[in-house]
Structures are given as C-alpha cells and as structure tokens.
Amino acid sequence: MLLSLAALLTACSDEETNYAVPDRICDTSIAPETLQALLPPGNEFEAAPVSMSATVTCEVRIDSTLHIDIIGYAVVGALDPSEHARGLQLENTVEGNWGPAIPAVLADDGAVVSLPCGAGDGTDALLAEIHVYGDHVPEDERRDRVTAFTRSYVTGLAEQLDCDARPAAPDSQ
C-alpha cells in the first residue's frame, strides 16, 4: 500500500522539466548545462533582457517565477567586487581570482565578478552581479553550480563584447 501511494505521489508531482535550456541568454553565450543545474523543474523557460540605463540586465524565469537575476555594470575604472558584494546579502562569500585583473566573489546564492573590458562607450570595466533564488538546488552543490554558471556567463559576456580578458579555466588557476 505504501509503495502504491509513493508511486502515485511521484506520478502526480510537478517535478518534471518540460522546457529546453538554450545556449544563449540575453544575447550572451553560455554552457546550457551550467544554467540547467541552477533551475527547478517546470514547464516554461523565459530569459529576457530588462531595459535600464548604463546597465545590462537579464532575468531567467521558470513558470513566471524569477530564479536568476543578472546585472552588468559598465564602468570607468574597475570596481572591487569584494567592496560591491559587501552591500549585497550574499550567503557564505569567498573571494577568488579568475585571471589577471579578474577578481570574483562567489557565494551560495550568487556572485560578483569584475572584468577589465569596456562596453564601447568610454567605459573600461564591467562588473557582473548574479543572484540565484529558490531552494531547489541541493545546499551542498549550490556554490559549485553558481560558480560554474557564473564562469560560463562571464566568459560568454567577454566573447560578446570582444574583451581580451577571459576567466581562466578552473584547472589553470
């Protein structure tokens, strides 16, 4: 009886992923598996740029619920991601360095990365701020998944903007 009930509950649960994850979000190339690892099951995937002046933003939603929020600031003079992260409420932050002049702050629920590259408008640096919402990712895997997606997104952003600087591969650090 318990086995039948468990099978029925599993069959009725809404734990299926019925959407495809693209290899580009908001005009930025990414490794889709790094994004999929951060998203919950659901039916509808949506990633759309949000208009704001002097920034680039992207929201990733599953079934209309916000799960990833990305803000990219084009600035003059590199911003220290550690200083910027102090004003955010990120969980369990650690500092890292992804290459020459590419400092990063990584957390269980987001990241802040500085990239020496302008947006073609007189700026010379980008600061990417990523927030991940929800409790669908196992706690012991969150930071690794956030880090993998952040590296993928920042690499795609660097390629999109034709930056010379790229985050170093994890094995080369």
# chains A, B, ... in the order shown; residues from 1 in each chain; ligands from 1
$ residues_around --residues "Cys58 (chain A)" --least-positions-apart "5" --cutoff "7 Å" --atoms "only C-alpha atoms" --output "tab-separated table (two decimals) with C-alpha atoms, in the first residue's frame"
chain	number	residue	atom	x	y	z
A	26	CYS	CA	20.03	37.79	-23.27
A	47	ALA	CA	15.12	34.70	-20.25
A	48	ALA	CA	14.71	38.31	-21.25
A	49	PRO	CA	16.80	41.45	-21.08
A	50	VAL	CA	15.41	44.21	-18.91
A	69	ASP	CA	18.84	37.83	-11.93
A	70	ILE	CA	21.94	39.20	-13.70
A	71	ILE	CA	23.07	42.82	-13.66
$ residues_around --residues "Gly96 (chain A)" --least-positions-apart "5" --cutoff "9 Å" --atoms "only C-alpha atoms" --output "VMD selection string"
chain A and resid 102 to 106
$ residues_around --residues "Arg61 (chain A)" --least-positions-apart "2" --cutoff "12 Å" --atoms "only C-alpha atoms" --output "PyMOL selection string"
chain A and resi 19+21+25+35-36+38-49+58-59+63-70+132-134
$ closest_residue --among "A:Pro81, A:Arg145, A:Glu16, A:Thr28" --to "Ile62 (chain A)" --atoms "only C-alpha atoms"
A:Glu16
$ residues_around --residues "Asn92 (chain A)" --least-positions-apart "5" --cutoff "10 Å" --atoms "only C-alpha atoms" --output "PDB file with N, CA and C atoms, in the first residue's frame"
ATOM      1  N   VAL A 105      33.879  37.373  -6.376  1.00  0.00           N
ATOM      2  CA  VAL A 105      33.327  36.997  -5.080  1.00  0.00           C
ATOM      3  C   VAL A 105      32.236  35.980  -5.388  1.00  0.00           C
ATOM      4  N   LEU A 106      32.374  34.795  -4.820  1.00  0.00           N
ATOM      5  CA  LEU A 106      31.448  33.697  -5.088  1.00  0.00           C
ATOM      6  C   LEU A 106      30.678  33.380  -3.816  1.00  0.00           C
ATOM      7  N   ALA A 107      29.415  33.039  -3.974  1.00  0.00           N
ATOM      8  CA  ALA A 107      28.567  32.749  -2.826  1.00  0.00           C
ATOM      9  C   ALA A 107      27.640  31.590  -3.162  1.00  0.00           C
ATOM     10  N   ASP A 108      26.923  31.126  -2.149  1.00  0.00           N
ATOM     11  CA  ASP A 108      25.969  30.038  -2.362  1.00  0.00           C
ATOM     12  C   ASP A 108      24.774  30.490  -3.197  1.00  0.00           C
ATOM     13  N   ASP A 109      24.504  31.786  -3.196  1.00  0.00           N
ATOM     14  CA  ASP A 109      23.320  32.294  -3.888  1.00  0.00           C
ATOM     15  C   ASP A 109      23.627  33.401  -4.889  1.00  0.00           C
ATOM     16  N   GLY A 110      24.877  33.464  -5.342  1.00  0.00           N
ATOM     17  CA  GLY A 110      25.205  34.477  -6.334  1.00  0.00           C
ATOM     18  C   GLY A 110      26.694  34.708  -6.453  1.00  0.00           C
ATOM     19  N   ARG A 143      27.110  26.329  -4.308  1.00  0.00           N
ATOM     20  CA  ARG A 143      28.238  27.184  -4.676  1.00  0.00           C
ATOM     21  C   ARG A 143      28.911  26.686  -5.953  1.00  0.00           C
TER      22      ARG A 143
END
$ closest_residue --among "A:Ala85, A:Ala31, A:Leu79, A:Val137" --to "Ser152 (chain A)" --atoms "only C-alpha atoms"
A:Ala31
$ closest_residue --among "A:Ala169, A:Ala111, A:Val56, A:Ile30" --to "Trp98 (chain A)" --atoms "only C-alpha atoms"
A:Ala169
$ closest_residue --among "A:His131, A:Arg24, A:Arg166, A:Arg142" --to "Gln89 (chain A)" --atoms "only C-alpha atoms"
A:His131
$ select_by_dssp --residues "chain A" --states "strand (DSSP E or B)" --output "PyMOL selection string"
chain A and resi 17+24-25+28-29+42+45-50+55-62+65-75+94-97+103-107+110-115+125-132
$ atom_distance --atom1 "CA of Asp164 (chain A)" --atom2 "CA of Thr150 (chain A)"
18.0 Å
$ select_by_dssp --residues "region 62-94 of chain A" --states "helix (DSSP H, G or I)" --output "list in words"
Pro81, Ser82, Glu83, His84, Ala85 and Arg86 of chain A
